Structures are given as C-alpha cells and as structure tokens.
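Visitor: My structure file my_file-v4.txt, compact mmCIF, C-alpha atoms and all ligand atoms, is below:
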# COMPACT_ATOMS: atom_id res chain seq x y z
CA MET A 1 -23.74 31.82 -19.75
CA GLY A 2 -26.53 31.54 -17.22
CA LYS A 3 -27.08 29.19 -14.33
CA TYR A 4 -29.77 26.57 -14.06
CA LYS A 5 -31.96 25.93 -10.99
CA VAL A 6 -31.35 22.27 -10.14
CA VAL A 7 -33.43 20.72 -7.32
CA GLU A 8 -31.93 17.24 -7.36
CA THR A 9 -29.38 15.09 -9.18
CA PHE A 10 -29.09 11.33 -8.80
CA VAL A 11 -28.25 8.09 -10.54
CA SER A 12 -30.91 5.38 -10.69
CA ILE A 13 -32.48 3.12 -13.23
CA ASN A 14 -34.70 5.05 -15.56
CA GLY A 15 -38.15 3.92 -14.45
CA GLU A 16 -40.05 5.19 -17.47
CA ALA A 17 -40.36 5.02 -21.26
CA THR A 18 -37.95 3.74 -23.91
CA HIS A 19 -34.86 3.22 -21.76
CA ALA A 20 -36.65 1.93 -18.67
CA GLY A 21 -34.44 -0.39 -16.65
CA GLU A 22 -31.15 1.21 -17.80
CA LEU A 23 -28.96 3.24 -15.51
CA ALA A 24 -29.43 6.96 -15.98
CA CYS A 25 -28.26 10.19 -14.44
CA PHE A 26 -31.15 12.53 -13.58
CA ILE A 27 -31.08 16.32 -13.56
CA ARG A 28 -34.29 17.75 -12.10
CA PHE A 29 -34.99 21.46 -12.63
CA ALA A 30 -37.17 23.75 -10.51
CA GLY A 31 -40.53 25.09 -11.61
CA CYS A 32 -43.29 24.20 -14.00
CA ASN A 33 -45.84 26.09 -16.09
CA LEU A 34 -48.56 23.47 -15.44
CA THR A 35 -50.24 22.06 -12.31
CA CYS A 36 -51.28 18.49 -13.13
CA GLY A 37 -53.55 17.01 -10.46
CA TYR A 38 -51.55 13.77 -10.32
CA CYS A 39 -48.07 15.35 -10.34
CA ASP A 40 -45.67 13.29 -8.22
CA THR A 41 -43.05 16.06 -8.03
CA LYS A 42 -45.18 19.02 -6.91
CA TRP A 43 -42.45 19.84 -4.40
CA ALA A 44 -40.09 20.77 -7.27
CA ASN A 45 -42.60 23.33 -8.52
CA GLU A 46 -43.00 25.24 -5.24
CA PRO A 47 -41.69 28.81 -5.57
CA GLN A 48 -39.62 28.39 -2.38
CA VAL A 49 -38.04 25.04 -3.32
CA PRO A 50 -34.34 24.96 -2.39
CA TYR A 51 -32.17 24.64 -5.48
CA LYS A 52 -28.55 24.59 -6.49
CA SER A 53 -27.42 27.07 -9.18
CA MET A 54 -25.38 25.12 -11.70
CA SER A 55 -23.78 26.21 -14.96
CA ALA A 56 -24.02 24.01 -18.05
CA GLU A 57 -20.37 23.06 -17.57
CA GLU A 58 -20.99 22.04 -13.94
CA ILE A 59 -23.98 19.91 -14.96
CA TYR A 60 -21.90 18.28 -17.70
CA ALA A 61 -19.03 17.60 -15.26
CA TYR A 62 -21.47 16.00 -12.79
CA ILE A 63 -22.92 13.79 -15.53
CA LYS A 64 -19.46 12.66 -16.62
CA SER A 65 -18.53 11.91 -13.01
CA CYS A 66 -21.51 9.51 -12.86
CA GLY A 67 -20.00 7.48 -15.69
CA VAL A 68 -23.37 6.51 -17.18
CA LYS A 69 -24.60 6.86 -20.76
CA ASN A 70 -28.22 7.94 -20.24
CA VAL A 71 -29.06 11.43 -18.99
CA THR A 72 -32.64 12.46 -18.19
CA LEU A 73 -33.49 16.16 -18.01
CA THR A 74 -36.71 16.49 -16.04
CA GLY A 75 -38.41 18.63 -13.44
CA GLY A 76 -40.51 20.62 -13.11
CA GLU A 77 -40.51 21.45 -16.77
CA PRO A 78 -37.02 21.37 -18.31
CA LEU A 79 -37.95 23.26 -21.48
CA ILE A 80 -38.99 26.43 -19.62
CA GLN A 81 -35.56 26.82 -18.02
CA PRO A 82 -33.80 29.92 -19.40
CA GLU A 83 -31.06 28.97 -21.90
CA ILE A 84 -31.91 25.26 -21.75
CA GLU A 85 -31.10 25.07 -25.50
CA TRP A 86 -27.47 25.75 -24.63
CA LEU A 87 -27.30 22.89 -22.11
CA ILE A 88 -28.94 20.50 -24.58
CA THR A 89 -26.46 21.52 -27.30
CA LEU A 90 -23.50 21.03 -24.95
CA LEU A 91 -24.66 17.58 -23.79
CA SER A 92 -25.61 16.40 -27.27
CA ALA A 93 -22.10 17.17 -28.58
CA ASP A 94 -20.84 14.29 -26.40
CA LYS A 95 -21.76 11.24 -28.46
CA ALA A 96 -21.06 8.97 -25.49
CA LEU A 97 -24.23 10.41 -23.90
CA ARG A 98 -27.87 9.74 -24.70
CA VAL A 99 -30.02 12.65 -23.56
CA GLU A 100 -33.71 12.25 -22.80
CA ILE A 101 -35.91 15.28 -22.20
CA GLU A 102 -39.13 14.74 -20.24
CA THR A 103 -41.43 17.51 -21.40
CA ASN A 104 -45.07 18.21 -20.66
CA GLY A 105 -46.49 18.80 -24.15
CA SER A 106 -47.33 22.48 -23.64
CA VAL A 107 -43.95 23.90 -24.72
CA ASP A 108 -43.08 24.45 -28.41
CA ILE A 109 -40.41 21.93 -29.50
CA ALA A 110 -40.00 23.25 -33.07
CA GLY A 111 -36.72 24.97 -32.11
CA TYR A 112 -35.15 21.58 -31.31
CA ASP A 113 -35.63 20.21 -34.81
CA ALA A 114 -31.89 20.19 -35.56
CA ARG A 115 -31.14 17.98 -32.55
CA PRO A 116 -28.99 14.94 -33.21
CA GLU A 117 -30.06 11.32 -32.72
CA ASN A 118 -28.66 11.15 -29.20
CA VAL A 119 -31.33 13.60 -27.99
CA CYS A 120 -34.82 12.22 -27.55
CA MET A 121 -37.98 13.86 -26.31
CA THR A 122 -40.53 12.07 -24.16
CA LEU A 123 -43.50 14.28 -24.79
CA ASP A 124 -46.54 13.98 -22.53
CA TYR A 125 -50.09 14.53 -23.67
CA LYS A 126 -51.93 15.72 -20.55
CA LEU A 127 -55.32 13.99 -20.50
CA PRO A 128 -58.60 15.45 -19.14
CA ASP A 129 -58.16 14.16 -15.56
CA SER A 130 -54.86 16.03 -15.24
CA GLY A 131 -56.82 19.30 -15.62
CA MET A 132 -54.21 20.56 -18.11
CA GLU A 133 -55.48 19.32 -21.45
CA GLN A 134 -56.25 22.81 -22.76
CA PHE A 135 -52.53 23.62 -22.78
CA MET A 136 -51.50 20.77 -25.10
CA ARG A 137 -49.72 21.86 -28.29
CA THR A 138 -50.64 19.22 -30.84
CA GLU A 139 -48.57 21.21 -33.39
CA ASN A 140 -45.57 19.62 -31.65
CA TYR A 141 -46.32 16.30 -33.38
CA ALA A 142 -44.89 17.74 -36.63
CA TRP A 143 -41.47 17.79 -34.94
CA LEU A 144 -41.36 14.25 -33.55
CA LYS A 145 -38.38 12.09 -34.47
CA PRO A 146 -38.20 8.27 -34.54
CA GLN A 147 -36.24 8.19 -31.25
CA ASP A 148 -39.00 10.18 -29.47
CA ALA A 149 -41.92 8.98 -27.37
CA VAL A 150 -45.39 10.32 -26.66
CA LYS A 151 -46.68 9.41 -23.23
CA PHE A 152 -50.27 9.43 -21.97
CA VAL A 153 -50.59 9.24 -18.18
CA VAL A 154 -54.04 7.77 -17.66
CA SER A 155 -56.30 8.16 -14.62
CA SER A 156 -59.70 6.93 -15.90
CA THR A 157 -61.66 5.35 -18.73
CA ARG A 158 -62.38 8.86 -20.00
CA ASP A 159 -58.62 9.44 -20.22
CA LEU A 160 -58.16 6.16 -22.12
CA GLU A 161 -60.83 7.17 -24.64
CA THR A 162 -59.19 10.58 -25.16
CA ALA A 163 -55.74 8.99 -25.56
CA LYS A 164 -57.08 6.64 -28.24
CA LYS A 165 -58.66 9.57 -30.10
CA ILE A 166 -55.47 11.67 -30.02
CA ILE A 167 -53.27 8.72 -31.07
CA GLU A 168 -55.52 8.06 -34.08
CA THR A 169 -56.12 11.70 -35.05
CA TYR A 170 -52.39 12.49 -35.22
CA ASP A 171 -51.22 9.01 -36.35
CA LEU A 172 -48.78 9.06 -33.45
CA CYS A 173 -47.68 5.41 -33.67
CA ALA A 174 -46.21 6.16 -37.11
CA LYS A 175 -44.20 9.07 -35.69
CA ALA A 176 -42.80 7.86 -32.37
CA THR A 177 -43.18 5.21 -29.67
CA VAL A 178 -46.48 5.64 -27.87
CA TYR A 179 -46.89 4.76 -24.18
CA LEU A 180 -49.90 4.47 -21.93
CA SER A 181 -48.93 4.83 -18.28
CA SER A 182 -51.09 4.60 -15.20
CA ALA A 183 -51.26 7.71 -13.06
CA PHE A 184 -49.82 5.95 -10.04
CA SER A 185 -52.62 4.28 -8.02
CA ALA A 186 -55.41 6.14 -9.94
CA ILE A 187 -56.14 3.28 -12.33
CA THR A 188 -54.80 -0.27 -12.26
CA PRO A 189 -52.42 -1.38 -14.99
CA ALA A 190 -54.84 -4.30 -15.57
CA GLN A 191 -57.60 -1.84 -16.51
CA ILE A 192 -55.31 -0.24 -19.09
CA VAL A 193 -54.42 -3.64 -20.57
CA GLU A 194 -58.11 -4.59 -20.72
CA TYR A 195 -58.77 -1.39 -22.69
CA MET A 196 -55.80 -2.05 -25.01
CA ILE A 197 -57.22 -5.53 -25.74
CA GLN A 198 -60.77 -4.25 -26.18
CA GLU A 199 -59.66 -1.53 -28.61
CA ASN A 200 -56.97 -3.65 -30.30
CA MET A 201 -54.26 -1.02 -29.67
CA LYS A 202 -51.52 -3.06 -31.34
CA ASP A 203 -48.84 -0.41 -31.68
CA VAL A 204 -49.10 1.12 -28.20
CA ARG A 205 -47.09 0.04 -25.14
CA LEU A 206 -48.06 -0.06 -21.50
CA GLN A 207 -45.40 1.48 -19.25
CA LEU A 208 -45.32 1.42 -15.46
CA GLN A 209 -43.17 3.68 -13.33
CA MET A 210 -40.73 0.92 -12.32
CA HIS A 211 -39.08 2.97 -9.55
CA LYS A 212 -42.41 3.22 -7.68
CA TYR A 213 -42.62 -0.58 -7.48
CA ILE A 214 -38.97 -0.97 -6.46
CA TRP A 215 -38.89 1.75 -3.79
CA ASP A 216 -41.43 3.58 -1.63
CA PRO A 217 -43.44 5.59 -4.20
CA GLU A 218 -42.88 8.77 -2.17
CA LYS A 219 -39.09 8.36 -2.02
CA LYS A 220 -37.09 11.15 -3.69
CA GLY A 221 -33.80 10.66 -5.49
CA VAL A 222 -34.60 7.27 -7.04
C1 LIG B 1 -42.74 14.89 -13.06
S1 LIG B 1 -42.82 15.01 -14.81
C2 LIG B 1 -41.54 16.19 -15.19
C3 LIG B 1 -41.42 16.45 -16.68
C4 LIG B 1 -42.54 17.25 -17.33
N1 LIG B 1 -43.00 18.31 -16.51
C5 LIG B 1 -43.67 16.34 -17.74
O1 LIG B 1 -44.76 16.41 -17.16
O2 LIG B 1 -43.45 15.56 -18.66
C6 LIG B 1 -42.08 13.48 -15.37
C7 LIG B 1 -43.04 12.40 -15.81
O3 LIG B 1 -43.70 11.88 -14.66
C8 LIG B 1 -45.05 11.67 -14.99
N2 LIG B 1 -45.84 11.63 -13.77
C9 LIG B 1 -45.99 12.61 -12.85
N3 LIG B 1 -46.80 12.23 -11.85
C10 LIG B 1 -47.17 10.96 -12.13
C11 LIG B 1 -48.01 10.01 -11.47
N4 LIG B 1 -48.62 10.29 -10.33
N5 LIG B 1 -48.16 8.79 -12.05
C12 LIG B 1 -47.55 8.50 -13.23
N6 LIG B 1 -46.74 9.35 -13.91
C13 LIG B 1 -46.58 10.57 -13.36
C14 LIG B 1 -45.38 12.84 -15.88
O4 LIG B 1 -46.57 12.63 -16.60
C15 LIG B 1 -44.15 12.89 -16.76
O5 LIG B 1 -44.28 11.98 -17.84
N1 LIG B 2 -36.19 6.25 -11.56
C1 LIG B 2 -36.80 7.29 -12.12
N2 LIG B 2 -37.01 7.26 -13.46
C2 LIG B 2 -37.63 8.35 -14.02
N3 LIG B 2 -37.88 8.56 -15.33
C3 LIG B 2 -38.44 9.77 -15.47
C4 LIG B 2 -38.54 10.37 -14.21
C5 LIG B 2 -39.04 11.76 -14.01
O1 LIG B 2 -39.37 12.16 -12.90
O2 LIG B 2 -39.08 12.48 -15.03
C6 LIG B 2 -38.05 9.46 -13.28
C7 LIG B 2 -37.86 9.45 -11.86
O3 LIG B 2 -38.25 10.35 -11.11
N4 LIG B 2 -37.21 8.34 -11.35
S1 LIG B 3 -46.17 19.16 -16.21
FE1 LIG B 3 -44.87 17.61 -15.22
S2 LIG B 3 -43.89 18.66 -13.48
FE2 LIG B 3 -45.49 20.00 -14.27
S3 LIG B 3 -47.20 19.59 -12.91
FE3 LIG B 3 -47.43 18.25 -14.70
S4 LIG B 3 -46.38 16.32 -14.19
FE4 LIG B 3 -45.76 17.87 -12.68
MG MG B 4 -40.54 11.08 -11.52
Take the structure in this file and express it as structure tokens.
Guide:
Amino acid sequence: MGKYKVVETFVSINGEATHAGELACFIRFAGCNLTCGYCDTKWANEPQVPYKSMSAEEIYAYIKSCGVKNVTLTGGEPLIQPEIEWLITLLSADKALRVEIETNGSVDIAGYDARPENVCMTLDYKLPDSGMEQFMRTENYAWLKPQDAVKFVVSSTRDLETAKKIIETYDLCAKATVYLSSAFSAITPAQIVEYMIQENMKDVRLQLQMHKYIWDPEKKGV
C-alpha cells in the first residue's frame, strides 16, 4: 500500500462544523487542486512543503495513540491523495472513531456512497469571491448523507446571495446540515446574521472558526 504526504498532525478542539468544540485528531495532507483566495493553509499547498510519508497503518496508530474519538482528514485537499479510499476504509472499520473529511466540493464523492455512519463529509461550496466557483460539482449533492454538512465560506454580500440561491436550488437543508461561515476577517459574523434574519434562513447555521478566536489566527497546529 502507498504512503500519504502528511504535513501536520495535532490534537485540538475541532473549530468548525458539526463537532465544533469537541477534541479531534487532525491529519493534514499536502497539496490541493484549487487556489481559493482566502485559503488559510496555502503553505500546505506549496509544491516544496516539507511532509512526512506515512502509511495508512502509521496514521491509524498515531490516531489511536491520541486517544480521541474524532478524526479530521483535511489539507490541502484530502480526496486527491492517492489511495485515500483505503485510509478512509481502514479508519471507518474502527467504530470507536468518527471520521470527518473536509473536502472542497470539486472532487467527485460518488465513490464514497457505501461509507458507514461514522464517516461524514464536510463539503464546501466555493463562492464567487474564492475565485473557484467554476470548479464546484453540484452533482455531489446526490450523494450527501444525513451526517454530512455543506459549508459556504462567505466573503461578501454577493457570496451570501449566491449561497442562498445554491441552498434553495438543491434543497440542501433537507439533505445535510448547512453552514454559513465568515471568511476570516473578510466579513463580520454580524453581517452574516443580519442577512440570515433578512432572508429568514431558518434551517441554516452560522459557524465561526473557533480556533481563530482562541489562538492567534496565524498559529499552526491548533
Ligand atoms: C483549509 S480547507 C482544507 C480542506 C479542503 N481543501 C476544503 O477547502 O474544504 C479546510 C476548511 O477551512 C476553510 N477555510 C480556509 N480558509 C479560510 C478562511 N480564511 N476563513 C474561513 N474558513 C476558511 C475552508 O473553506 C474549508 O472549509
Ligand atoms: N482547530 C481546528 N479545527 C479545524 N476544523 C477544520 C480545520 C481544517 O483546517 O480543516 C481545522 C483547523 O485547522 N483547526
Ligand atoms: S480548496 Fe481548501 S485547501 Fe484548497 S485552496 Fe481552497 S481552502 Fe485552501
Ligand atoms: Mg484550518
């Protein structure tokens, strides 16, 4: 079996989405197929980024040594890592783990349809201000499961309007939990809440990147 390019591993609270506030073990992979303007982990996508080669078994052993339940696979883009399906299968076989995959919305998730309940996807929809909207695969919404989330990272009123349109067009609140997040420091959380009130977005949740309020927003490994 192959090796995975891992740029950092750490235990922290998950700062985002459904399990925000719970301890989680993070595995961050090198490289991404997109270049979002707001990306807070551009360093992980640099071709020369230092990485550790780890087998699936080594990653699993590290996770077990952390003793936590939640595992977040992130990056970079986890779903473009060669043989990532094998790692997900290995981790999901351990029912003491809950595996969350942070994915950017451009990669086909149809092949993960047989995943068990302890594997959830947090699927981004990249809005216009990210510069990456043309790569979004809305076909992915056919494969959402109740434990999944769709996340819109918002930078502007234009982004909010697009998010609302996509949520309604694909009836996303009926398929998964839907989050609006502020692109850190690009728009205030208050502006997002004002828009949610104005548009009566009853089934959508605001989420803030908790770790950026707890620690220096530039700090790695938290
Ligand atoms: C760094 S990405 C890695 C996973 C995957 N490439 C993706 O985009 O979903 C993890 C999450 O952080 C979010 N993110 C990145 N930069 C951000 C920023 N400046 N403010 C808020 N969220 C950000 C992304 O939108 C994504 O939901
Ligand atoms: N604390 C913390 N929680 C997170 N949840 C998702 C993250 C990510 O970068 O994907 C992240 C992260 O980088 N740090
Ligand atoms: S898809 Fe994720 S990792 Fe890639 S550039 Fe965008 S936010 Fe960064
Ligand atoms: Mg992050």
Visitor: Could you list, as a count of residues only, all protein and nucleic acid residues with an atom at most 12 Å from ligand MG 4 (chain B), counting only C-alpha atoms and all ligand atoms?
Guide: 40
Visitor: Can you list, as a PyMOL selection string, every protein, DNA or RNA residue that comes within 10 Å of Ile167 of chain A when you count all atoms listed in the file, leaving out same-chain residues fewer than 3 positions away?
Guide: chain A and resi 125+150+152+162-164+170-174+178+201+204
Visitor: May I have the residues from that selection written out with C-alpha atoms, as an mmCIF file, in the frame of the given file?
Guide:
data_model
loop_
_atom_site.group_PDB
_atom_site.id
_atom_site.type_symbol
_atom_site.label_atom_id
_atom_site.label_comp_id
_atom_site.auth_asym_id
_atom_site.auth_seq_id
_atom_site.Cartn_x
_atom_site.Cartn_y
_atom_site.Cartn_z
ATOM 1 C CA TYR A 125 -50.090 14.530 -23.670
ATOM 2 C CA VAL A 150 -45.390 10.320 -26.660
ATOM 3 C CA PHE A 152 -50.270 9.430 -21.970
ATOM 4 C CA THR A 162 -59.190 10.580 -25.160
ATOM 5 C CA ALA A 163 -55.740 8.990 -25.560
ATOM 6 C CA LYS A 164 -57.080 6.640 -28.240
ATOM 7 C CA TYR A 170 -52.390 12.490 -35.220
ATOM 8 C CA ASP A 171 -51.220 9.010 -36.350
ATOM 9 C CA LEU A 172 -48.780 9.060 -33.450
ATOM 10 C CA CYS A 173 -47.680 5.410 -33.670
ATOM 11 C CA ALA A 174 -46.210 6.160 -37.110
ATOM 12 C CA VAL A 178 -46.480 5.640 -27.870
ATOM 13 C CA MET A 201 -54.260 -1.020 -29.670
ATOM 14 C CA VAL A 204 -49.100 1.120 -28.200
#
Visitor: Quick one: residues within 6 Å of segment 85-101 of chain A, all atoms listed in the file, excluding same-chain residues fewer than 4 positions away - as a PDB file with C-alpha atoms, keeping the file's coordinate frame?
Guide:
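File written: out34.pdb
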ATOM      1  CA  ALA A  56     -24.020  24.010 -18.050  1.00  0.00           C
ATOM      2  CA  LYS A  69     -24.600   6.860 -20.760  1.00  0.00           C
ATOM      3  CA  ASN A  70     -28.220   7.940 -20.240  1.00  0.00           C
ATOM      4  CA  VAL A  71     -29.060  11.430 -18.990  1.00  0.00           C
ATOM      5  CA  THR A  72     -32.640  12.460 -18.190  1.00  0.00           C
ATOM      6  CA  LEU A  73     -33.490  16.160 -18.010  1.00  0.00           C
ATOM      7  CA  ASN A 118     -28.660  11.150 -29.200  1.00  0.00           C
ATOM      8  CA  VAL A 119     -31.330  13.600 -27.990  1.00  0.00           C
ATOM      9  CA  CYS A 120     -34.820  12.220 -27.550  1.00  0.00           C
ATOM     10  CA  MET A 121     -37.980  13.860 -26.310  1.00  0.00           C
ATOM     11  CA  THR A 122     -40.530  12.070 -24.160  1.00  0.00           C
TER      12      THR A 122
END
Visitor: Taking all atoms listed in the file into account, which of A:Pro146, A:Pro50, A:Pro78, A:Gly131 comes nearest ligand LIG 2 (chain B)?
Guide: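 Among A:Pro146, A:Pro50, A:Pro78, A:Gly131, it is A:Pro78 that comes nearest to ligand LIG 2 (chain B).
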Visitor: Taking into account only C-alpha atoms, which residue in the set A:Asn33, A:Thr9, A:Ser155, A:Thr177 is nearest to Met54 of chain A?
Guide: A:Thr9
Visitor: Closest to Leu160 of chain A among A:Asp129, A:Glu83, A:Glu58, A:Asp124, using only C-alpha atoms?
Guide: A:Asp129
Visitor: Identify which of the residues A:Glu117, A:Asp203, A:Cys36, A:Cys66 lies closest to ligand LIG 1 (chain B), counting all atoms listed in the file when measuring atom-to-atom distances.
Guide: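 Of A:Glu117, A:Asp203, A:Cys36, A:Cys66, the one nearest ligand LIG 1 (chain B), counting all atoms listed in the file, is A:Cys36.
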Visitor: I'd like the interatomic distance between atom CA of Gln48 of chain A and atom C8 of ligand LIG 1 (chain B), to a tenth of an Å.
Guide: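 Rounded to one decimal, the two atoms are 21.6 Å apart.
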Visitor: What's the separation between atom CA of Glu57 of chain A and atom CA of Asn45 of chain A, in Å to one decimal place?
Guide: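 That distance, rounded to one decimal, is 24.0 Å.
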Visitor: Give the answer as one residue: which of A:Ile109, A:Leu23, A:Leu127, A:Ile197 has the shortest atom-to-atom distance to ligand LIG 1 (chain B), using only C-alpha atoms and all ligand atoms?
Guide: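 Ranked by minimum distance to ligand LIG 1 (chain B), first place goes to A:Leu127.
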Visitor: Quick one, how far is atom CA of Lys175 of chain A from atom CA of Lys151 of chain A?
Guide: 12.7 Å
Visitor: Is there a way to complete segment 114-125 of chain A with all heavy atoms and then write that out as a short mmCIF file (atom, residue, chain, number, x, y, z; two decimals), keeping the file's coordinate frame?
Guide:
data_model
loop_
_atom_site.label_atom_id
_atom_site.label_comp_id
_atom_site.auth_asym_id
_atom_site.auth_seq_id
_atom_site.Cartn_x
_atom_site.Cartn_y
_atom_site.Cartn_z
N ALA A 114 -33.23 20.55 -35.07
CA ALA A 114 -31.89 20.19 -35.56
C ALA A 114 -31.16 19.27 -34.59
O ALA A 114 -29.99 18.94 -34.80
CB ALA A 114 -31.08 21.46 -35.80
N ARG A 115 -31.85 18.81 -33.56
CA ARG A 115 -31.14 17.98 -32.55
C ARG A 115 -30.67 16.67 -33.15
O ARG A 115 -31.35 16.08 -33.99
CB ARG A 115 -32.04 17.74 -31.33
CG ARG A 115 -33.26 16.92 -31.59
CD ARG A 115 -34.27 17.13 -30.45
NE ARG A 115 -35.62 16.99 -30.96
CZ ARG A 115 -36.32 15.86 -30.94
NH1 ARG A 115 -35.81 14.78 -30.42
NH2 ARG A 115 -37.54 15.82 -31.43
N PRO A 116 -29.50 16.20 -32.69
CA PRO A 116 -28.99 14.94 -33.21
C PRO A 116 -29.72 13.73 -32.62
O PRO A 116 -30.53 13.88 -31.70
CB PRO A 116 -27.52 14.96 -32.79
CG PRO A 116 -27.45 15.90 -31.64
CD PRO A 116 -28.57 16.87 -31.78
N GLU A 117 -29.36 12.55 -33.12
CA GLU A 117 -30.06 11.32 -32.72
C GLU A 117 -29.89 10.96 -31.25
O GLU A 117 -30.68 10.17 -30.72
CB GLU A 117 -29.54 10.14 -33.55
CG GLU A 117 -30.27 9.96 -34.85
CD GLU A 117 -29.66 8.86 -35.70
OE1 GLU A 117 -29.09 7.91 -35.13
OE2 GLU A 117 -29.75 8.98 -36.93
N ASN A 118 -28.84 11.49 -30.62
CA ASN A 118 -28.66 11.15 -29.20
C ASN A 118 -29.48 12.04 -28.26
O ASN A 118 -29.30 12.00 -27.05
CB ASN A 118 -27.17 11.16 -28.80
CG ASN A 118 -26.53 12.53 -28.87
OD1 ASN A 118 -26.98 13.41 -29.59
ND2 ASN A 118 -25.46 12.73 -28.11
N VAL A 119 -30.40 12.82 -28.83
CA VAL A 119 -31.33 13.60 -27.99
C VAL A 119 -32.75 13.15 -28.29
O VAL A 119 -33.21 13.29 -29.44
CB VAL A 119 -31.22 15.12 -28.27
CG1 VAL A 119 -32.22 15.90 -27.42
CG2 VAL A 119 -29.81 15.61 -27.99
N CYS A 120 -33.42 12.61 -27.31
CA CYS A 120 -34.82 12.22 -27.55
C CYS A 120 -35.75 12.96 -26.60
O CYS A 120 -35.37 13.32 -25.48
CB CYS A 120 -34.99 10.71 -27.47
SG CYS A 120 -35.27 10.08 -25.84
N MET A 121 -36.93 13.21 -27.11
CA MET A 121 -37.98 13.86 -26.31
C MET A 121 -38.98 12.80 -25.87
O MET A 121 -39.42 11.98 -26.69
CB MET A 121 -38.76 14.87 -27.17
CG MET A 121 -37.94 15.98 -27.72
SD MET A 121 -38.00 17.39 -26.61
CE MET A 121 -36.94 18.52 -27.51
N THR A 122 -39.36 12.83 -24.61
CA THR A 122 -40.53 12.07 -24.16
C THR A 122 -41.58 13.11 -23.85
O THR A 122 -41.49 13.86 -22.88
CB THR A 122 -40.20 11.19 -22.94
OG1 THR A 122 -39.20 10.25 -23.33
CG2 THR A 122 -41.42 10.43 -22.45
N LEU A 123 -42.53 13.19 -24.78
CA LEU A 123 -43.50 14.28 -24.79
C LEU A 123 -44.81 13.77 -24.20
O LEU A 123 -45.40 12.84 -24.73
CB LEU A 123 -43.69 14.67 -26.27
CG LEU A 123 -44.52 15.85 -26.65
CD1 LEU A 123 -43.76 17.14 -26.32
CD2 LEU A 123 -44.79 15.82 -28.17
N ASP A 124 -45.26 14.37 -23.11
CA ASP A 124 -46.54 13.98 -22.53
C ASP A 124 -47.69 14.60 -23.31
O ASP A 124 -47.56 15.72 -23.85
CB ASP A 124 -46.66 14.48 -21.08
CG ASP A 124 -46.20 13.46 -20.05
OD1 ASP A 124 -45.33 12.64 -20.36
OD2 ASP A 124 -46.74 13.49 -18.92
N TYR A 125 -48.81 13.89 -23.34
CA TYR A 125 -50.09 14.53 -23.67
C TYR A 125 -50.90 14.49 -22.38
O TYR A 125 -51.21 13.40 -21.87
CB TYR A 125 -50.84 13.80 -24.80
CG TYR A 125 -52.13 14.51 -25.14
CD1 TYR A 125 -52.17 15.49 -26.13
CD2 TYR A 125 -53.31 14.24 -24.44
CE1 TYR A 125 -53.36 16.18 -26.42
CE2 TYR A 125 -54.49 14.93 -24.72
CZ TYR A 125 -54.51 15.89 -25.71
OH TYR A 125 -55.67 16.58 -25.99
#
